[in-house]
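Source file work_37.csv; content: CSV, C-alpha atoms and all ligand atoms.
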```
chain,number,residue,atom,x,y,z
A,1,MET,CA,2.3,1.3,-26.4
A,2,ASN,CA,0.9,0.9,-22.9
A,3,VAL,CA,0.8,-2.7,-21.7
A,4,SER,CA,-1.7,-2.9,-18.9
A,5,LEU,CA,-2.1,-6.4,-17.5
A,6,LEU,CA,-4.9,-5.5,-15.1
A,7,ALA,CA,-7.7,-3.0,-15.1
A,8,PRO,CA,-7.3,-0.6,-12.1
A,9,ASP,CA,-10.6,-1.6,-10.3
A,10,ARG,CA,-9.9,-5.4,-10.7
A,11,ALA,CA,-6.3,-4.8,-9.6
A,12,GLU,CA,-7.5,-3.0,-6.4
A,13,ALA,CA,-10.1,-5.7,-5.6
A,14,GLY,CA,-7.4,-8.4,-6.3
A,15,ASP,CA,-4.9,-6.5,-4.1
A,16,ARG,CA,-7.3,-6.5,-1.1
A,17,GLU,CA,-7.9,-10.2,-1.5
A,18,GLU,CA,-4.2,-10.9,-1.9
A,19,PHE,CA,-3.4,-8.9,1.2
A,20,ARG,CA,-6.1,-10.7,3.2
A,21,ALA,CA,-4.8,-14.1,2.2
A,22,ALA,CA,-1.2,-13.2,2.8
A,23,VAL,CA,-1.9,-11.8,6.2
A,24,LEU,CA,-4.0,-14.7,7.4
A,25,ALA,CA,-1.5,-17.2,6.1
A,26,GLY,CA,1.4,-15.2,7.6
A,27,LEU,CA,-0.2,-14.9,11.0
A,28,ALA,CA,-1.1,-18.6,11.1
A,29,ARG,CA,2.4,-19.8,10.4
A,30,SER,CA,5.3,-20.1,12.9
A,31,PRO,CA,7.3,-17.9,13.0
A,32,ARG,CA,4.9,-15.3,11.9
A,33,ALA,CA,5.7,-13.1,8.9
A,34,ILE,CA,4.0,-10.8,6.5
A,35,PRO,CA,5.6,-10.2,3.1
A,36,PRO,CA,7.3,-6.7,2.8
A,37,LYS,CA,5.5,-5.7,-0.4
A,38,PHE,CA,2.4,-5.0,1.8
A,39,LEU,CA,4.2,-2.2,3.6
A,40,TYR,CA,3.8,0.0,0.5
A,41,ASP,CA,0.2,1.3,0.6
A,42,ALA,CA,-0.1,5.1,-0.2
A,43,ARG,CA,0.9,6.1,3.4
A,44,GLY,CA,3.7,3.4,3.5
A,45,SER,CA,5.1,4.8,0.2
A,46,GLU,CA,5.0,8.3,1.7
A,47,LEU,CA,6.8,7.1,4.8
A,48,PHE,CA,9.4,5.3,2.7
A,49,ASP,CA,10.1,8.5,0.8
A,50,ALA,CA,10.6,10.2,4.2
A,51,ILE,CA,13.0,7.4,5.2
A,52,CYS,CA,15.1,8.2,2.1
A,53,GLU,CA,15.6,11.7,3.4
A,54,LEU,CA,16.7,10.7,6.9
A,55,PRO,CA,20.2,11.6,8.0
A,56,GLU,CA,20.8,8.0,9.2
A,57,TYR,CA,19.5,6.4,6.0
A,58,TYR,CA,22.6,6.9,3.8
A,59,LEU,CA,21.5,4.5,1.0
A,60,THR,CA,19.4,6.8,-1.3
A,61,ARG,CA,21.8,9.8,-1.0
A,62,THR,CA,24.9,7.6,-1.6
A,63,GLU,CA,23.4,5.7,-4.5
A,64,THR,CA,22.3,9.0,-6.1
A,65,GLY,CA,25.8,10.4,-5.8
A,66,ILE,CA,27.3,7.3,-7.4
A,67,LEU,CA,24.8,7.3,-10.2
A,68,THR,CA,25.4,11.0,-10.9
A,69,ASP,CA,29.2,10.4,-11.1
A,70,CYS,CA,29.0,7.2,-13.2
A,71,ALA,CA,26.0,7.9,-15.6
A,72,ALA,CA,28.2,9.0,-18.5
A,73,GLU,CA,30.4,5.9,-18.3
A,74,LEU,CA,27.4,3.7,-17.8
A,75,ALA,CA,25.8,5.2,-21.0
A,76,ARG,CA,29.0,4.4,-22.9
A,77,LEU,CA,29.0,0.8,-21.7
A,78,ALA,CA,25.3,0.4,-22.7
A,79,GLY,CA,25.9,2.0,-26.1
A,80,PRO,CA,23.3,3.9,-28.1
A,81,GLY,CA,19.8,2.8,-29.0
A,82,CYS,CA,19.1,0.4,-26.1
A,83,VAL,CA,15.8,0.0,-24.2
A,84,LEU,CA,16.0,0.9,-20.5
A,85,VAL,CA,13.8,-1.5,-18.4
A,86,GLU,CA,13.3,-0.5,-14.8
A,87,PHE,CA,12.1,-3.2,-12.4
A,88,GLY,CA,9.7,-1.6,-9.8
A,89,SER,CA,10.0,1.9,-11.1
A,90,GLY,CA,8.0,3.8,-8.5
A,91,SER,CA,8.3,7.5,-9.3
A,92,SER,CA,11.4,6.9,-11.5
A,93,VAL,CA,13.4,9.6,-9.6
A,94,LYS,CA,16.9,8.0,-10.0
A,95,THR,CA,16.1,7.0,-13.5
A,96,ARG,CA,16.3,10.6,-14.6
A,97,LEU,CA,20.1,10.5,-14.0
A,98,LEU,CA,20.3,7.7,-16.6
A,99,LEU,CA,17.7,9.4,-18.9
A,100,ASP,CA,19.8,12.6,-18.9
A,101,ALA,CA,22.9,10.7,-19.7
A,102,MET,CA,21.3,8.5,-22.4
A,103,PRO,CA,19.5,10.8,-24.8
A,104,ASP,CA,19.4,8.2,-27.6
A,105,LEU,CA,17.5,5.5,-25.8
A,106,ALA,CA,15.1,3.5,-28.0
A,107,ALA,CA,12.6,3.5,-25.2
A,108,TYR,CA,12.1,3.5,-21.4
A,109,VAL,CA,10.0,0.6,-20.0
A,110,PRO,CA,9.0,1.2,-16.4
A,111,ILE,CA,7.5,-1.9,-14.7
A,112,ASP,CA,5.4,-1.4,-11.5
A,113,VAL,CA,2.4,-3.0,-9.9
A,114,SER,CA,0.8,0.4,-9.1
A,115,ARG,CA,-1.2,1.5,-12.1
A,116,ARG,CA,-1.8,5.0,-10.6
A,117,HIS,CA,1.9,5.5,-9.9
A,118,LEU,CA,2.9,4.2,-13.3
A,119,ASP,CA,0.5,6.4,-15.2
A,120,ALA,CA,1.4,9.6,-13.3
A,121,THR,CA,5.1,8.9,-13.7
A,122,ALA,CA,4.8,8.1,-17.4
A,123,GLU,CA,2.9,11.4,-17.9
A,124,ARG,CA,5.6,13.4,-16.1
A,125,LEU,CA,8.4,11.7,-18.0
A,126,ARG,CA,6.7,12.3,-21.4
A,127,ARG,CA,6.4,16.0,-20.5
A,128,ASP,CA,10.0,16.3,-19.4
A,129,TYR,CA,11.5,14.1,-22.1
A,130,PRO,CA,9.4,14.7,-25.2
A,131,ARG,CA,11.6,12.7,-27.5
A,132,LEU,CA,11.6,9.6,-25.2
A,133,ARG,CA,9.3,6.6,-25.9
A,134,VAL,CA,7.8,5.7,-22.5
A,135,GLU,CA,6.2,2.2,-22.6
A,136,PRO,CA,4.9,1.4,-19.1
A,137,VAL,CA,4.1,-2.2,-18.1
A,138,CYS,CA,1.7,-2.6,-15.1
A,139,ALA,CA,2.8,-5.9,-13.6
A,140,ASP,CA,4.6,-7.7,-10.7
A,141,TYR,CA,8.2,-7.9,-12.1
A,142,MET,CA,8.7,-11.1,-10.1
A,143,ALA,CA,6.1,-12.8,-12.3
A,144,LEU,CA,6.7,-11.1,-15.7
A,145,ASP,CA,7.4,-13.3,-18.7
A,146,THR,CA,7.6,-10.9,-21.7
A,147,LEU,CA,8.5,-7.3,-22.5
A,148,PRO,CA,7.6,-5.1,-25.4
A,149,ALA,CA,9.8,-6.3,-28.3
A,150,ARG,CA,13.1,-4.5,-29.1
A,151,ALA,CA,16.7,-4.9,-28.0
A,152,PRO,CA,19.3,-4.5,-26.7
A,153,ARG,CA,17.9,-4.0,-23.2
A,154,LEU,CA,19.4,-2.5,-20.2
A,155,GLY,CA,17.8,-3.4,-16.9
A,156,PHE,CA,17.7,-1.1,-13.9
A,157,PHE,CA,17.1,-2.2,-10.3
A,158,PRO,CA,18.3,0.5,-8.0
A,159,GLY,CA,17.8,1.2,-4.3
A,160,SER,CA,19.2,-2.1,-3.0
A,161,THR,CA,15.7,-3.5,-3.4
A,162,ILE,CA,17.6,-6.8,-4.2
A,163,GLY,CA,18.5,-6.8,-0.5
A,164,ASN,CA,14.9,-7.2,0.4
A,165,LEU,CA,14.8,-10.6,-1.3
A,166,GLU,CA,16.1,-13.7,0.4
A,167,PRO,CA,19.1,-15.1,-1.5
A,168,GLN,CA,17.2,-17.8,-3.4
A,169,ASP,CA,14.6,-15.2,-4.5
A,170,ALA,CA,17.3,-12.7,-5.4
A,171,THR,CA,18.8,-15.4,-7.7
A,172,ALA,CA,15.4,-16.3,-9.1
A,173,PHE,CA,14.7,-12.6,-9.8
A,174,LEU,CA,18.0,-12.0,-11.5
A,175,ARG,CA,17.5,-15.2,-13.6
A,176,ARG,CA,14.2,-13.9,-14.7
A,177,ALA,CA,15.7,-10.5,-15.5
A,178,ARG,CA,18.5,-12.3,-17.5
A,179,ALA,CA,15.8,-14.1,-19.5
A,180,LEU,CA,13.8,-10.9,-20.1
A,181,LEU,CA,16.8,-8.8,-21.0
A,182,GLY,CA,18.1,-11.4,-23.5
A,183,ASP,CA,21.6,-12.5,-24.6
A,184,ARG,CA,22.7,-8.9,-25.4
A,185,GLY,CA,21.2,-7.6,-22.2
A,186,ALA,CA,22.9,-5.9,-19.3
A,187,MET,CA,21.7,-4.8,-15.9
A,188,VAL,CA,22.5,-1.9,-13.5
A,189,LEU,CA,22.0,-3.0,-9.9
A,190,GLY,CA,22.2,-0.8,-6.7
A,191,VAL,CA,23.4,-2.8,-3.7
A,192,ASP,CA,24.0,-1.8,-0.1
A,193,LEU,CA,27.3,-3.0,1.2
A,194,LYS,CA,28.3,-4.7,4.5
A,195,LYS,CA,29.7,-2.2,6.9
A,196,ASP,CA,30.0,-1.1,10.6
A,197,PRO,CA,27.0,-2.8,12.2
A,198,GLN,CA,26.2,0.3,14.2
A,199,ARG,CA,25.9,2.3,11.0
A,200,LEU,CA,23.5,-0.3,9.7
A,201,HIS,CA,21.5,-0.4,13.0
A,202,ASP,CA,21.1,3.4,13.0
A,203,ALA,CA,19.8,3.4,9.4
A,204,TYR,CA,16.9,1.2,10.4
A,205,ASN,CA,16.3,2.7,13.9
A,206,ASP,CA,16.3,6.5,13.1
A,207,SER,CA,16.0,8.9,15.9
A,208,ALA,CA,12.8,10.6,14.4
A,209,GLY,CA,11.0,7.3,14.5
A,210,VAL,CA,10.0,7.3,10.8
A,211,THR,CA,11.1,3.7,10.2
A,212,ALA,CA,9.1,2.7,13.2
A,213,ALA,CA,6.1,4.5,11.7
A,214,PHE,CA,6.7,2.7,8.4
A,215,THR,CA,6.6,-0.7,10.1
A,216,LEU,CA,3.6,0.1,12.3
A,217,ASN,CA,1.7,1.5,9.3
A,218,LEU,CA,1.2,-2.2,8.3
A,219,LEU,CA,-0.9,-2.6,11.5
A,220,ARG,CA,-2.9,0.5,10.5
A,221,ARG,CA,-3.4,-0.9,7.0
A,222,MET,CA,-4.7,-4.2,8.5
A,223,ASN,CA,-7.1,-2.3,10.8
A,224,ARG,CA,-8.4,-0.3,7.8
A,225,GLU,CA,-8.5,-2.9,5.1
A,226,LEU,CA,-9.1,-6.1,7.0
A,227,GLY,CA,-11.1,-4.9,9.9
A,228,ALA,CA,-8.3,-5.8,12.3
A,229,SER,CA,-8.2,-4.7,15.9
A,230,PHE,CA,-4.4,-4.0,16.4
A,231,ASP,CA,-3.8,-1.5,19.3
A,232,LEU,CA,-0.9,0.5,17.9
A,233,SER,CA,0.3,1.4,21.3
A,234,ALA,CA,0.7,-2.3,22.2
A,235,PHE,CA,3.3,-3.1,19.4
A,236,VAL,CA,6.7,-1.7,18.6
A,237,HIS,CA,9.1,-1.7,15.6
A,238,GLU,CA,12.2,-3.8,16.1
A,239,ALA,CA,15.2,-3.8,13.7
A,240,PHE,CA,18.7,-5.3,14.2
A,241,TYR,CA,21.7,-6.4,12.2
A,242,ASP,CA,22.5,-10.1,12.1
A,243,PRO,CA,26.2,-10.3,11.2
A,244,VAL,CA,26.1,-14.1,10.5
A,245,GLU,CA,23.3,-13.8,8.0
A,246,GLY,CA,24.5,-10.4,6.8
A,247,ARG,CA,21.1,-8.8,7.0
A,248,ILE,CA,18.9,-6.4,8.9
A,249,GLU,CA,15.8,-8.1,10.3
A,250,ILE,CA,12.7,-6.1,10.9
A,251,TYR,CA,9.7,-7.1,13.0
A,252,PHE,CA,6.8,-5.6,14.9
A,253,ARG,CA,6.8,-6.9,18.5
A,254,SER,CA,3.9,-7.3,21.0
A,255,LEU,CA,4.4,-5.5,24.3
A,256,ARG,CA,2.0,-7.7,26.1
A,257,ASP,CA,-0.1,-10.8,26.0
A,258,GLN,CA,-3.1,-9.9,23.8
A,259,SER,CA,-5.6,-11.1,21.3
A,260,VAL,CA,-6.2,-9.4,17.9
A,261,THR,CA,-9.0,-10.0,15.4
A,262,VAL,CA,-8.0,-9.9,11.7
A,263,ALA,CA,-10.6,-10.5,9.0
A,264,GLY,CA,-12.9,-12.1,11.5
A,265,ARG,CA,-10.3,-14.5,12.9
A,266,SER,CA,-8.7,-14.2,16.3
A,267,PHE,CA,-4.9,-14.4,16.9
A,268,ALA,CA,-3.2,-14.6,20.3
A,269,PHE,CA,0.1,-12.8,20.8
A,270,THR,CA,2.3,-13.4,23.8
A,271,GLU,CA,4.4,-10.6,25.3
A,272,GLY,CA,7.6,-10.2,23.2
A,273,GLU,CA,6.3,-12.2,20.2
A,274,ARG,CA,7.4,-10.8,16.9
A,275,VAL,CA,6.0,-10.7,13.4
A,276,HIS,CA,8.6,-10.5,10.7
A,277,THR,CA,8.1,-7.8,8.0
A,278,GLU,CA,11.5,-7.3,6.2
A,279,TYR,CA,15.0,-8.6,5.6
A,280,SER,CA,17.5,-6.2,4.1
A,281,TYR,CA,20.5,-8.2,3.0
A,282,LYS,CA,23.9,-6.5,2.8
A,283,TYR,CA,26.5,-7.7,0.3
A,284,ASP,CA,30.2,-7.7,-0.1
A,285,THR,CA,32.0,-8.0,-3.4
A,286,ALA,CA,32.3,-11.8,-3.3
A,287,GLY,CA,28.6,-12.1,-2.5
A,288,ILE,CA,27.6,-9.9,-5.4
A,289,ALA,CA,29.8,-11.8,-7.8
A,290,ALA,CA,28.4,-15.1,-6.6
A,291,LEU,CA,24.8,-13.8,-6.9
A,292,ALA,CA,25.5,-12.5,-10.5
A,293,ARG,CA,27.1,-15.8,-11.5
A,294,SER,CA,24.2,-17.8,-10.1
A,295,ALA,CA,21.9,-15.9,-12.4
A,296,GLY,CA,23.9,-16.0,-15.6
A,297,PHE,CA,25.5,-12.5,-15.4
A,298,THR,CA,29.1,-11.4,-15.1
A,299,ILE,CA,30.2,-8.2,-13.4
A,300,ASP,CA,31.6,-5.7,-15.9
A,301,ARG,CA,32.1,-2.7,-13.7
A,302,THR,CA,31.5,-1.6,-10.0
A,303,TRP,CA,31.3,2.0,-8.8
A,304,THR,CA,31.2,2.8,-5.1
A,305,ASP,CA,31.4,6.0,-3.0
A,306,PRO,CA,34.6,6.9,-1.2
A,307,ALA,CA,33.4,5.4,2.1
A,308,ARG,CA,32.4,2.2,0.3
A,309,LEU,CA,28.9,2.3,1.8
A,310,PHE,CA,27.0,1.4,-1.4
A,311,ALA,CA,27.8,-0.1,-4.9
A,312,VAL,CA,26.3,0.4,-8.4
A,313,ILE,CA,27.1,-2.7,-10.5
A,314,TYR,CA,27.0,-3.1,-14.2
A,315,LEU,CA,26.2,-6.7,-15.1
A,316,GLU,CA,26.4,-8.3,-18.5
A,317,ALA,CA,24.6,-11.4,-19.6
A,318,ALA,CA,27.1,-14.2,-19.6
A,319,ALA,CA,27.2,-16.5,-22.6
A,320,LEU,CA,24.8,-19.3,-21.9
A,321,GLY,CA,26.3,-22.6,-20.7
A,322,LYS,CA,29.2,-20.8,-19.0
B,1,LIG,C1,13.3,-0.6,-0.2
B,1,LIG,N1,14.4,-1.2,0.6
B,1,LIG,C2,15.6,-1.2,-0.1
B,1,LIG,C3,14.5,-0.6,2.0
B,1,LIG,C4,15.8,-1.2,2.7
B,1,LIG,O1,16.7,-0.4,3.1
B,1,LIG,O2,15.8,-2.4,2.8
B,1,LIG,C5,13.3,-0.8,2.8
B,1,LIG,C6,13.4,-0.2,4.2
B,1,LIG,N2,12.8,-0.6,5.2
B,1,LIG,C7,13.0,0.1,6.3
B,1,LIG,N3,13.8,1.1,5.9
B,1,LIG,C8,14.1,0.9,4.6
```

Could you show the structure in this file as structure tokens?
Ligand code: AVI
Amino acid sequence: MNVSLLAPDRAEAGDREEFRAAVLAGLARSPRAIPPKFLYDARGSELFDAICELPEYYLTRTETGILTDCAAELARLAGPGCVLVEFGSGSSVKTRLLLDAMPDLAAYVPIDVSRRHLDATAERLRRDYPRLRVEPVCADYMALDTLPARAPRLGFFPGSTIGNLEPQDATAFLRRARALLGDRGAMVLGVDLKKDPQRLHDAYNDSAGVTAAFTLNLLRRMNRELGASFDLSAFVHEAFYDPVEGRIEIYFRSLRDQSVTVAGRSFAFTEGERVHTEYSYKYDTAGIAALARSAGFTIDRTWTDPARLFAVIYLEAAALGK
């Protein structure tokens, strides 16, 4: 079964309009902000892949190491015959660690907004895992109400993507996941942990400038898709750790007073003015437990690396009413 919620051409036209509306609204409000999902056009996705390879960006490497070590135990906890549901599957690279450890899955359900990404990934997985049922769902997982029938279901949300959601949205997402996965459901969550602020700072201010290119690619995208007039040499990437909020904050900042046209509208920027693009929340054990509880999950197992940089958490659906 291949559940496609949007035809590709309609999806792309809709994407463009959604981008335009979000940018115009985000630049009109104070403080200015553009939602992080728009960072991931084709070039943005390539740049993010490059970020994952950076020496300073320990997240991907560390999580992959933990998943490699815990996959067999995780498979035992999930038990045979479950459906693996990945929220925002991208190219399903880390998923292969689970697929290799769970040869008796009933199905793999990757959920992603990018039709093209989803189809290409599904085709590769069907080739590499001929006995696996791959049932892609093209949708925004933040707005999804149903899944192909069959249970028990094991959710997978790696990469600390949960950290890009503000706490109330993280709870809302996990509640939705809890409802989609059902009462016998469980969830594997990758979470970046609080640590030495300098280490966090370096991960989002790499010496090669790839993270800066990733942020400024949003300006390129606005120029290309919305006829905007951003001068890329007049804005810089800015990222820092706020220890009180426990999050990395990312912006693009104007180097001078200037005016920019976006989709036919003019926006004035003062020198030093910032436009917010991302939060990346970092958790500690108590924070993860509170988040899980608020969404109707309990923590069954936590795996970390020796330096405790990152955690992979196995959540189980708590009995309702608890
Ligand atoms: C996708 N997400 C988990 C990344 C993060 O670390 O918050 C996004 C990112 N932005 C800049 N570097 C990485």

(request) Kindly compile the residues surrounding ligand LIG 1 (chain B) within 9 Å, counting all atoms listed in the file, and format them as a PyMOL selection string. (result) chain A and resi 36+39+48+51-52+57+59-60+158-164+191-192+203-205+210-212+214-215+239+248+250+278-281

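Going from CA of Arg20 (chain A) to CA of Gly90 (chain A) covers 23.4 Å.
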
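A straight line drawn from CA of Ile34 (chain A) to CA of Phe267 (chain A) is 14.2 Å long.
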
(message) Which residue is closest to Arg131 (chain A)? Choose from A:Glu53, A:Asp104, A:Arg115, A:Pro110 and count all atoms listed in the file.
(response) A:Asp104

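Here CA of Arg274 (chain A) stands at a distance of 24.5 Å from CA of Glu46 (chain A).
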
(request) Rank nothing, just name the residue among A:Arg133, A:Asn217, A:Asp69, A:Leu189 nearest to Ser45 (chain A), using all atoms listed in the file. (result) A:Asn217

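Among A:Leu315, A:Met142, A:Val93, A:Val275, the residue with the shortest atom-to-atom distance to Leu165 (chain A), counting all atoms listed in the file, is A:Met142.
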
(message) Counting all atoms listed in the file, I want the residues whose atoms come within 12 Å of (27.3, -14.5, -21.4) in the file frame, returned as a list in words.
(response) Arg178, Ala179, Leu181, Gly182, Asp183, Arg184, Gly185, Ala186, Ala292, Arg293, Ala295, Gly296, Phe297, Thr298, Ile299, Asp300, Leu315, Glu316, Ala317, Ala318, Ala319, Leu320, Gly321 and Lys322 of chain A

(request) Up to 9 Å from (0.7, -11.7, 13.4) in the file's coordinates: name the residues, counting all atoms listed in the file, as a PyMOL selection string. (result) chain A and resi 23-24+26-29+32-34+252+260+267-269+273-276

Go through region 14-88 of chain A residue by residue and, counting all atoms listed in the file, keep those with an atom at most 12 Å from region 226-237 of chain A; for each kept residue give the shortest atom pair and its distance in Å to one decimal, ordered by chain and increasing number, as JSON lines.
```
{"residue": "A:Asp15", "atom": "CA", "partner": "A:Leu226", "partner_atom": "CA", "distance": 11.9}
{"residue": "A:Arg16", "atom": "CA", "partner": "A:Leu226", "partner_atom": "CA", "distance": 8.3}
{"residue": "A:Glu17", "atom": "CA", "partner": "A:Leu226", "partner_atom": "CA", "distance": 9.5}
{"residue": "A:Glu18", "atom": "CA", "partner": "A:Leu226", "partner_atom": "CA", "distance": 11.2}
{"residue": "A:Phe19", "atom": "CA", "partner": "A:Leu226", "partner_atom": "CA", "distance": 8.6}
{"residue": "A:Arg20", "atom": "CA", "partner": "A:Leu226", "partner_atom": "CA", "distance": 6.7}
{"residue": "A:Ala21", "atom": "CA", "partner": "A:Leu226", "partner_atom": "CA", "distance": 10.3}
{"residue": "A:Ala22", "atom": "CA", "partner": "A:Leu226", "partner_atom": "CA", "distance": 11.4}
{"residue": "A:Val23", "atom": "CA", "partner": "A:Leu226", "partner_atom": "CA", "distance": 9.2}
{"residue": "A:Leu24", "atom": "CA", "partner": "A:Leu226", "partner_atom": "CA", "distance": 10.0}
```

(message) Give me the residues near Cys82 (chain A) as an NGL selection string, where near means some atom within 7 Å (using all atoms listed in the file) and where sequence neighbours in that chain fewer than 6 positions away do not count.
(response) :A and (105-106 or 151-154)

Since we have the selection now, will you write its residues out, keeping C-alpha atoms, as a compact mmCIF listing (two decimals), in the frame of the given file?
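Written output follows (out-v4.txt):
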```txt
# COMPACT_ATOMS: atom_id res chain seq x y z
CA LEU A 105 17.50 5.50 -25.80
CA ALA A 106 15.10 3.50 -28.00
CA ALA A 151 16.70 -4.90 -28.00
CA PRO A 152 19.30 -4.50 -26.70
CA ARG A 153 17.90 -4.00 -23.20
CA LEU A 154 19.40 -2.50 -20.20
```

(message) Quick one: residues within 10 Å of Thr95 (chain A), all atoms listed in the file, excluding same-chain residues fewer than 5 positions away - as a ChimeraX atom specification?
(response) /A:64,67,84,86,89,100-101,108,110,156-158

Save out the residues we just selected, C-alpha atoms, as a compact mmCIF listing (two decimals), in the coordinates of the input.
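out_20.txt written:
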```
# COMPACT_ATOMS: atom_id res chain seq x y z
CA THR A 64 22.30 9.00 -6.10
CA LEU A 67 24.80 7.30 -10.20
CA LEU A 84 16.00 0.90 -20.50
CA GLU A 86 13.30 -0.50 -14.80
CA SER A 89 10.00 1.90 -11.10
CA ASP A 100 19.80 12.60 -18.90
CA ALA A 101 22.90 10.70 -19.70
CA TYR A 108 12.10 3.50 -21.40
CA PRO A 110 9.00 1.20 -16.40
CA PHE A 156 17.70 -1.10 -13.90
CA PHE A 157 17.10 -2.20 -10.30
CA PRO A 158 18.30 0.50 -8.00
```

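Minimum atom-to-atom distances from A:Ile288, A:Leu54, A:Ala172, A:Leu193 to Ser207 (chain A) were compared using only C-alpha atoms, and the lowest value belongs to A:Leu54.
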
(message) Give me the residues near Val109 (chain A) as a PyMOL selection string, where near means some atom within 12 Å (using all atoms listed in the file) and where sequence neighbours in that chain fewer than 6 positions away do not count.
(response) chain A and resi 1-3+82-89+92+95+99+118+121-122+125+132-139+141+146-151+153-156+181
